[in-house]
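Working notes for the structure below.
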Number of protein chains: 2
Amino acid sequence: MDKIDVGPQGFLYPMPMTLVGADLEAGPNFMAVAWVNRCQVHPPRLVVALNTAHATNAGIHQHGEFSVCIPSIGQVAVTDWCGMASARRGVDKAAPFAIFRGSLEHAPMISECPLCLECRVHERLDLGSHELFVADIAGTWTEKRFLRPDGKPDIAELRPFTLTMPDNRYWAVGECLGDAWSIGRTLTEA
Amino acid sequence: MDKIDVGPQGFLYPMPMTLVGADLEAGPNFMAVAWVNRCQVHPPRLVVALNTAHATNAGIHQHGEFSVCIPSIGQVAVTDWCGMASARRGVDKAAPFAIFRGSLEHAPMISECPLCLECRVHERLDLGSHELFVADIAGTWTEKRFLRPDGKPDIAELRPFTLTMPDNRYWAVGECLGDAWSIGRTLTEA
């Protein structure tokens, strides 16, 4: 067998790139986060993993609310900047953005992002260096121009991007490979 | 403001597509899972969300071990098939694959997948219809041909793919948009 073990620091390929918004003492703040995904349908929830060293965590602890904003490929540089600049060192990481709010008081969202999720913390799980926030999705904010005629978000208009680690690169979404819960029907049962 | 709230069933765009392996009473089994991501560096951990109705969950409960295998774009149809066929209805979902094992006894992995993670459950979180498994990554199995000269996995060789919901489509990875923790330096501070 040609398989080799390259150690326990394996990664998922690729990960969705987002900006997580929270209200800090100094005001709204956004950090770059790729360790996030959906985790339940009813009620709709997502889970995000954050290093406890981040300023964002304190804001989420205080208010129990945050946002997950999906930037588009035109926002790669500013997203990366949000992953390098530090609110703890006094940088105003809301400054590049127009901010709006939905139904939650402390889930600042970015107008320039084509899709933003408002989140209310359901449960927190302490893992040591990181903590998981499992959150109810309170709203999904977008614009009509990003929706298909059937009302579903159109990825061709959203133009999200992904991150790979440990090579640390951003990637656009490529060609469509087929429909889920469908293309597998072409297989005869093995 | 042009922003509209399309409800709480918002999704991340796009999500990494994987096959989660577990040992069931009937033998090894693989299910299609997109709700998974990394959640810690030290120790390295990932989190996966599974509907409790799946046969896979019982295997993970019993053994406390599972795998996360990353298929490549040539495996789109069989991956989708694993998301439709049901072990509960007697389908042998290991049949299409050559299976190998690493250091864990109950983390079956797929030889045809370019990268597989062996996982040991650290903590389980019950959310209702779904449960979260937070797991230590015990090993990352790949082949030398999938590694770059610097030893990091080469996404161009892995050729992973992603899923979007609710439009339910699979996507290849597209063009490289730049280096993370780097491209943002081009921005003057806002």
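Order determines the names: the first chain of the structure tokens is A, the second B, and so forth; residues in each chain are numbered 1 upward, and ligands are numbered 1 upward as they are shown.
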
Worksheet item: If you run DSSP on this backbone, which residues of region 55-95 of chain B come out as strand (DSSP E), and could you give them as a ChimeraX atom specification?
Response: /B:65-70

Write a file of the just-selected residues containing C-alpha atoms, as a short mmCIF file (atom, residue, chain, number, x, y, z; two decimals), in the first residue's frame.
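Saved to out31.cif:
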```cif
data_model
loop_
_atom_site.label_atom_id
_atom_site.label_comp_id
_atom_site.auth_asym_id
_atom_site.auth_seq_id
_atom_site.Cartn_x
_atom_site.Cartn_y
_atom_site.Cartn_z
CA GLU B 65 -13.65 6.12 16.29
CA PHE B 66 -14.35 7.10 12.68
CA SER B 67 -12.64 8.46 9.60
CA VAL B 68 -13.09 11.49 7.38
CA CYS B 69 -12.05 10.70 3.80
CA ILE B 70 -11.71 13.39 1.15
#
```

Could you pull the residues within 12 Å of Gln75 (chain A), counting only C-alpha atoms, minus those fewer than 2 positions along the same chain, as a compact mmCIF listing (two decimals) with N, CA, C and O atoms, in the first residue's frame?
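out39.txt was written with the following content:
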```
# COMPACT_ATOMS: atom_id res chain seq x y z
N MET A 17 -14.61 30.28 3.37
CA MET A 17 -13.99 31.46 3.98
C MET A 17 -15.08 32.46 4.37
O MET A 17 -15.95 32.80 3.55
N THR A 18 -15.03 32.90 5.61
CA THR A 18 -16.05 33.82 6.12
C THR A 18 -15.43 34.94 6.95
O THR A 18 -14.24 34.89 7.30
N LEU A 19 -16.24 35.93 7.24
CA LEU A 19 -15.88 36.96 8.21
C LEU A 19 -16.90 36.89 9.34
O LEU A 19 -18.11 36.99 9.10
N ALA A 32 -11.42 36.96 10.20
CA ALA A 32 -11.46 35.96 9.14
C ALA A 32 -11.53 34.57 9.76
O ALA A 32 -10.72 34.23 10.62
N CYS A 69 -20.42 36.27 7.88
CA CYS A 69 -20.60 36.95 6.59
C CYS A 69 -19.74 36.25 5.54
O CYS A 69 -18.58 35.95 5.77
N ILE A 70 -20.33 36.00 4.39
CA ILE A 70 -19.62 35.32 3.31
C ILE A 70 -19.15 36.36 2.30
O ILE A 70 -19.96 36.97 1.61
N PRO A 71 -17.84 36.57 2.22
CA PRO A 71 -17.32 37.55 1.27
C PRO A 71 -17.25 36.95 -0.13
O PRO A 71 -17.25 35.72 -0.29
N SER A 72 -17.18 37.80 -1.13
CA SER A 72 -17.02 37.31 -2.50
C SER A 72 -15.58 37.52 -2.96
O SER A 72 -14.79 38.17 -2.27
N ILE A 73 -15.25 36.95 -4.10
CA ILE A 73 -13.85 36.92 -4.50
C ILE A 73 -13.24 38.33 -4.65
O ILE A 73 -12.04 38.48 -4.54
N ALA A 77 -8.67 40.33 -0.56
CA ALA A 77 -7.60 41.06 0.15
C ALA A 77 -8.09 41.60 1.49
O ALA A 77 -7.40 41.47 2.51
N VAL A 78 -9.30 42.17 1.51
CA VAL A 78 -9.77 42.75 2.78
C VAL A 78 -10.11 41.64 3.78
O VAL A 78 -9.95 41.81 5.00
N THR A 79 -10.54 40.48 3.28
CA THR A 79 -10.78 39.34 4.16
C THR A 79 -9.47 38.87 4.79
O THR A 79 -9.40 38.63 6.00
N ASP A 80 -8.44 38.77 3.97
CA ASP A 80 -7.14 38.36 4.48
C ASP A 80 -6.60 39.37 5.49
O ASP A 80 -6.04 38.99 6.52
N TRP A 81 -6.83 40.65 5.20
CA TRP A 81 -6.41 41.70 6.12
C TRP A 81 -7.09 41.52 7.47
O TRP A 81 -6.46 41.67 8.53
N CYS A 82 -8.38 41.18 7.46
CA CYS A 82 -9.11 40.94 8.72
C CYS A 82 -8.55 39.74 9.47
O CYS A 82 -8.78 39.59 10.67
N PRO A 96 -13.26 49.22 7.08
CA PRO A 96 -13.39 49.07 5.62
C PRO A 96 -14.81 48.81 5.13
O PRO A 96 -15.04 48.80 3.93
N PHE A 97 -15.74 48.58 6.06
CA PHE A 97 -17.05 48.06 5.67
C PHE A 97 -18.21 49.00 6.01
O PHE A 97 -18.16 49.73 6.99
N ILE A 110 -21.92 42.84 7.21
CA ILE A 110 -21.18 43.63 6.23
C ILE A 110 -22.01 43.79 4.95
O ILE A 110 -22.33 42.80 4.28
N SER A 111 -22.36 45.01 4.62
CA SER A 111 -23.19 45.26 3.43
C SER A 111 -22.52 44.75 2.16
O SER A 111 -23.20 44.29 1.24
N GLU A 112 -21.20 44.84 2.08
CA GLU A 112 -20.50 44.44 0.87
C GLU A 112 -20.47 42.91 0.68
O GLU A 112 -20.12 42.43 -0.41
N CYS A 113 -20.79 42.15 1.72
CA CYS A 113 -20.81 40.69 1.59
C CYS A 113 -22.15 40.26 1.01
O CYS A 113 -23.21 40.72 1.45
N PRO A 114 -22.14 39.35 0.05
CA PRO A 114 -23.39 38.99 -0.62
C PRO A 114 -24.35 38.19 0.25
O PRO A 114 -25.55 38.15 -0.05
N LEU A 158 -22.95 34.97 -5.96
CA LEU A 158 -22.31 35.16 -4.65
C LEU A 158 -20.79 35.18 -4.79
O LEU A 158 -20.11 35.92 -4.11
N ARG A 159 -20.28 34.32 -5.64
CA ARG A 159 -18.83 34.16 -5.86
C ARG A 159 -18.05 34.04 -4.53
O ARG A 159 -17.15 34.81 -4.26
N PRO A 160 -18.40 33.03 -3.70
CA PRO A 160 -17.66 32.81 -2.46
C PRO A 160 -16.28 32.24 -2.78
O PRO A 160 -16.00 31.89 -3.93
N PHE A 161 -15.44 32.14 -1.77
CA PHE A 161 -14.14 31.49 -1.98
C PHE A 161 -13.78 30.66 -0.76
O PHE A 161 -14.44 30.71 0.27
N TYR A 170 -6.11 30.88 -1.01
CA TYR A 170 -7.53 31.08 -1.28
C TYR A 170 -7.85 30.60 -2.69
O TYR A 170 -7.04 30.75 -3.61
N ALA A 172 -11.08 30.24 -5.75
CA ALA A 172 -12.43 30.46 -6.28
C ALA A 172 -13.14 29.11 -6.40
O ALA A 172 -12.52 28.06 -6.36
N LEU B 177 -6.66 32.36 -5.77
CA LEU B 177 -6.89 33.80 -5.68
C LEU B 177 -5.77 34.53 -4.95
O LEU B 177 -5.75 35.75 -4.91
N GLY B 178 -4.86 33.77 -4.34
CA GLY B 178 -3.77 34.43 -3.62
C GLY B 178 -3.41 33.68 -2.36
O GLY B 178 -4.08 32.71 -1.98
N ILE B 183 -1.92 38.22 1.09
CA ILE B 183 -2.50 39.11 0.09
C ILE B 183 -3.12 40.35 0.72
O ILE B 183 -3.20 41.41 0.09
N GLY B 184 -3.52 40.25 1.98
CA GLY B 184 -4.10 41.38 2.69
C GLY B 184 -3.10 42.48 3.00
O GLY B 184 -3.47 43.62 3.31
N LEU B 187 -3.23 45.93 1.34
CA LEU B 187 -4.13 46.99 1.79
C LEU B 187 -3.44 47.94 2.74
O LEU B 187 -2.79 47.51 3.69
```

Fill in: Straight-line distance linking CA of Cys119 (chain A) with CA of Met84 (chain A), stated in Å to one decimal
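Between CA of Cys119 (chain A) and CA of Met84 (chain A) the gap is 23.7 Å.
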
Worksheet, complete the sentence: For Arg45 (chain A), the closest of B:Ser182, B:Thr164, B:Ser129, B:Thr142 counting only C-alpha atoms is B:Ser129

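Here the question is which of B:Ala135, B:Leu163, B:Ala53, B:Leu147 gets nearest to Val41 (chain B) using only C-alpha atoms, and that residue is B:Ala135.
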
Worksheet item: In region 33-173 of chain B, what's helix (DSSP H, G or I) per DSSP? Answer as a ChimeraX atom specification?
Response: /B:55-63,73-84,87-89,144-146,155-158

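Closest approach to Pro16 (chain B) from the set B:Ile137, B:Val121, B:Val173, B:Leu132 is made by B:Val173, with distances taken over only C-alpha atoms.
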
Discussion item. With only C-alpha atoms as the counted atoms, please give the residues lying no more than 6 Å from Glu143 (chain A), apart from itself and same-chain residues fewer than 5 positions off, as a VMD selection string.
Written reply: chain B and resid 2 to 4

Selected residues, all heavy atoms, written as a JSON list (two decimals), in the first residue's frame, please.
```json
[["chain", "number", "residue", "atom", "x", "y", "z"],
["B", 2, "ASP", "N", -30.70, 47.40, 0.35],
["B", 2, "ASP", "CA", -31.28, 46.36, -0.50],
["B", 2, "ASP", "C", -31.31, 44.99, 0.18],
["B", 2, "ASP", "O", -31.74, 44.01, -0.42],
["B", 2, "ASP", "CB", -30.46, 46.22, -1.78],
["B", 2, "ASP", "CG", -30.56, 47.48, -2.63],
["B", 2, "ASP", "OD1", -31.60, 48.15, -2.57],
["B", 2, "ASP", "OD2", -29.59, 47.76, -3.35],
["B", 3, "LYS", "N", -30.85, 44.90, 1.41],
["B", 3, "LYS", "CA", -30.73, 43.59, 2.05],
["B", 3, "LYS", "C", -32.10, 43.05, 2.43],
["B", 3, "LYS", "O", -32.95, 43.76, 2.96],
["B", 3, "LYS", "CB", -29.86, 43.69, 3.31],
["B", 3, "LYS", "CG", -28.42, 44.12, 3.03],
["B", 3, "LYS", "CD", -27.63, 43.03, 2.34],
["B", 3, "LYS", "CE", -26.18, 43.48, 2.15],
["B", 3, "LYS", "NZ", -25.39, 42.52, 1.37],
["B", 4, "ILE", "N", -32.29, 41.75, 2.18],
["B", 4, "ILE", "CA", -33.52, 41.07, 2.57],
["B", 4, "ILE", "C", -33.16, 39.83, 3.38],
["B", 4, "ILE", "O", -32.11, 39.24, 3.20],
["B", 4, "ILE", "CB", -34.36, 40.64, 1.34],
["B", 4, "ILE", "CG1", -33.49, 39.81, 0.37],
["B", 4, "ILE", "CG2", -34.93, 41.87, 0.62],
["B", 4, "ILE", "CD1", -34.26, 39.19, -0.77]]
```

Item to complete: Would you mind telling me which residue in B:Leu104, B:Phe11, B:Thr140, B:Asn51 lies nearest to Pro166 (chain B) when using only C-alpha atoms?
Response: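 Smallest separation from Pro166 (chain B) among the options: B:Phe11.
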
Worksheet item: Rounded to one decimal in Å, what is the spacing between CA of Trp171 (chain B) and CA of Gly83 (chain B)?
Response: 16.0 Å

Worksheet item: Pick the closest to chain B from A:Ala55, A:Ala22, A:Ala107, A:Leu117: which is it, counting only C-alpha atoms?
Response: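 For chain B, the nearest of the candidates is A:Leu117.
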
Practice prompt. Select, from B:Glu157, B:Ala26, B:Asp5, B:His106, the residue with the minimum atom-to-atom distance to chain A, counting only C-alpha atoms.
Written response: B:Asp5

Worksheet item: Near Met165 (chain A), within 10 Å and counting only C-alpha atoms, which residues show up once chain neighbours fewer than 5 positions away are dropped, as a ChimeraX atom specification?
Response: /A:9-15,34,170 /B:152-153,155,180

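In this structure, CA of His122 (chain A) sits 9.7 Å away from CA of Val47 (chain A).
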
Worksheet item: Can you list, as a PyMOL selection string, every protein, DNA or RNA residue that comes within 12 Å of Glu131 (chain B) when you count only C-alpha atoms, leaving out same-chain residues fewer than 3 positions away?
Response: (chain A and resi 38-41+45-47+134) or (chain B and resi 35-36+47-54+56-58+60-61+123-128+134)

I need the chosen residues saved as a short mmCIF file (atom, residue, chain, number, x, y, z; two decimals), in the first residue's frame, with N, CA, C and O atoms.
```
data_model
loop_
_atom_site.label_atom_id
_atom_site.label_comp_id
_atom_site.auth_asym_id
_atom_site.auth_seq_id
_atom_site.Cartn_x
_atom_site.Cartn_y
_atom_site.Cartn_z
N ARG A 38 -22.41 24.36 8.85
CA ARG A 38 -23.74 24.08 9.36
C ARG A 38 -23.68 22.85 10.26
O ARG A 38 -22.79 22.01 10.11
N CYS A 39 -24.64 22.72 11.20
CA CYS A 39 -24.66 21.53 12.04
C CYS A 39 -26.06 21.02 12.34
O CYS A 39 -26.21 19.97 12.94
N GLN A 40 -27.09 21.74 11.95
CA GLN A 40 -28.45 21.23 12.18
C GLN A 40 -29.43 21.96 11.26
O GLN A 40 -29.19 23.10 10.87
N VAL A 41 -30.54 21.27 10.95
CA VAL A 41 -31.57 21.83 10.06
C VAL A 41 -32.73 22.41 10.88
O VAL A 41 -33.19 23.52 10.61
N ARG A 45 -28.85 25.55 12.69
CA ARG A 45 -27.70 25.96 13.52
C ARG A 45 -26.41 25.82 12.74
O ARG A 45 -26.31 25.03 11.81
N LEU A 46 -25.42 26.58 13.17
CA LEU A 46 -24.06 26.40 12.67
C LEU A 46 -23.12 26.31 13.85
O LEU A 46 -23.48 26.61 14.98
N VAL A 47 -21.91 25.86 13.57
CA VAL A 47 -20.88 25.76 14.60
C VAL A 47 -19.62 26.43 14.07
O VAL A 47 -19.24 26.26 12.92
N VAL A 134 -21.87 26.85 19.16
CA VAL A 134 -23.00 26.31 18.40
C VAL A 134 -24.09 27.36 18.49
O VAL A 134 -24.46 27.78 19.59
N TRP B 35 -20.91 18.61 6.44
CA TRP B 35 -20.92 19.46 7.62
C TRP B 35 -19.80 19.04 8.56
O TRP B 35 -20.02 18.39 9.59
N VAL B 36 -18.60 19.41 8.19
CA VAL B 36 -17.40 19.02 8.92
C VAL B 36 -16.37 20.11 8.74
O VAL B 36 -16.32 20.77 7.71
N VAL B 47 -14.59 18.74 13.92
CA VAL B 47 -15.96 18.56 14.40
C VAL B 47 -16.84 18.19 13.21
O VAL B 47 -16.71 18.76 12.13
N VAL B 48 -17.68 17.19 13.43
CA VAL B 48 -18.59 16.75 12.37
C VAL B 48 -20.00 16.67 12.94
O VAL B 48 -20.19 16.24 14.08
N ALA B 49 -20.96 17.14 12.17
CA ALA B 49 -22.36 17.13 12.58
C ALA B 49 -23.11 16.07 11.78
O ALA B 49 -23.09 16.09 10.56
N LEU B 50 -23.75 15.14 12.49
CA LEU B 50 -24.48 14.06 11.82
C LEU B 50 -25.91 13.98 12.35
O LEU B 50 -26.14 14.07 13.56
N ASN B 51 -26.85 13.79 11.45
CA ASN B 51 -28.22 13.51 11.85
C ASN B 51 -28.23 12.18 12.60
O ASN B 51 -27.64 11.20 12.14
N THR B 52 -28.90 12.15 13.73
CA THR B 52 -28.87 10.94 14.58
C THR B 52 -29.57 9.76 13.93
O THR B 52 -29.45 8.63 14.41
N ALA B 53 -30.29 9.99 12.84
CA ALA B 53 -31.00 8.90 12.16
C ALA B 53 -30.05 7.99 11.38
O ALA B 53 -30.45 6.90 10.96
N HIS B 54 -28.81 8.39 11.19
CA HIS B 54 -27.91 7.61 10.36
C HIS B 54 -27.35 6.38 11.09
O HIS B 54 -27.09 6.43 12.30
N THR B 56 -24.44 5.34 10.73
CA THR B 56 -23.06 5.68 11.09
C THR B 56 -22.92 6.06 12.56
O THR B 56 -21.95 5.67 13.23
N ASN B 57 -23.91 6.81 13.06
CA ASN B 57 -23.81 7.29 14.44
C ASN B 57 -23.66 6.15 15.44
O ASN B 57 -22.88 6.24 16.40
N ALA B 58 -24.41 5.06 15.23
CA ALA B 58 -24.34 3.93 16.16
C ALA B 58 -22.93 3.35 16.18
O ALA B 58 -22.41 2.98 17.24
N ILE B 60 -20.15 4.94 15.53
CA ILE B 60 -19.26 5.88 16.23
C ILE B 60 -19.50 5.80 17.73
O ILE B 60 -18.55 5.82 18.52
N HIS B 61 -20.76 5.69 18.14
CA HIS B 61 -21.05 5.56 19.57
C HIS B 61 -20.37 4.32 20.14
O HIS B 61 -19.81 4.35 21.23
N GLU B 123 -15.43 14.34 22.35
CA GLU B 123 -16.63 14.81 23.04
C GLU B 123 -17.82 14.77 22.08
O GLU B 123 -17.66 14.98 20.88
N ARG B 124 -18.97 14.47 22.62
CA ARG B 124 -20.19 14.43 21.82
C ARG B 124 -21.15 15.46 22.36
O ARG B 124 -21.27 15.64 23.57
N LEU B 125 -21.81 16.17 21.45
CA LEU B 125 -22.76 17.19 21.88
C LEU B 125 -24.09 16.91 21.19
O LEU B 125 -24.18 16.87 19.96
N ASP B 126 -25.12 16.71 22.02
CA ASP B 126 -26.46 16.39 21.50
C ASP B 126 -27.19 17.68 21.19
O ASP B 126 -27.38 18.52 22.06
N LEU B 127 -27.62 17.84 19.93
CA LEU B 127 -28.32 19.06 19.54
C LEU B 127 -29.80 18.82 19.26
O LEU B 127 -30.52 19.75 18.93
N GLY B 128 -30.24 17.59 19.36
CA GLY B 128 -31.63 17.26 19.00
C GLY B 128 -31.63 16.32 17.82
O GLY B 128 -31.24 15.16 17.94
N VAL B 134 -16.86 15.93 18.32
CA VAL B 134 -15.57 16.61 18.33
C VAL B 134 -14.53 15.51 18.51
O VAL B 134 -14.62 14.73 19.45
#
```
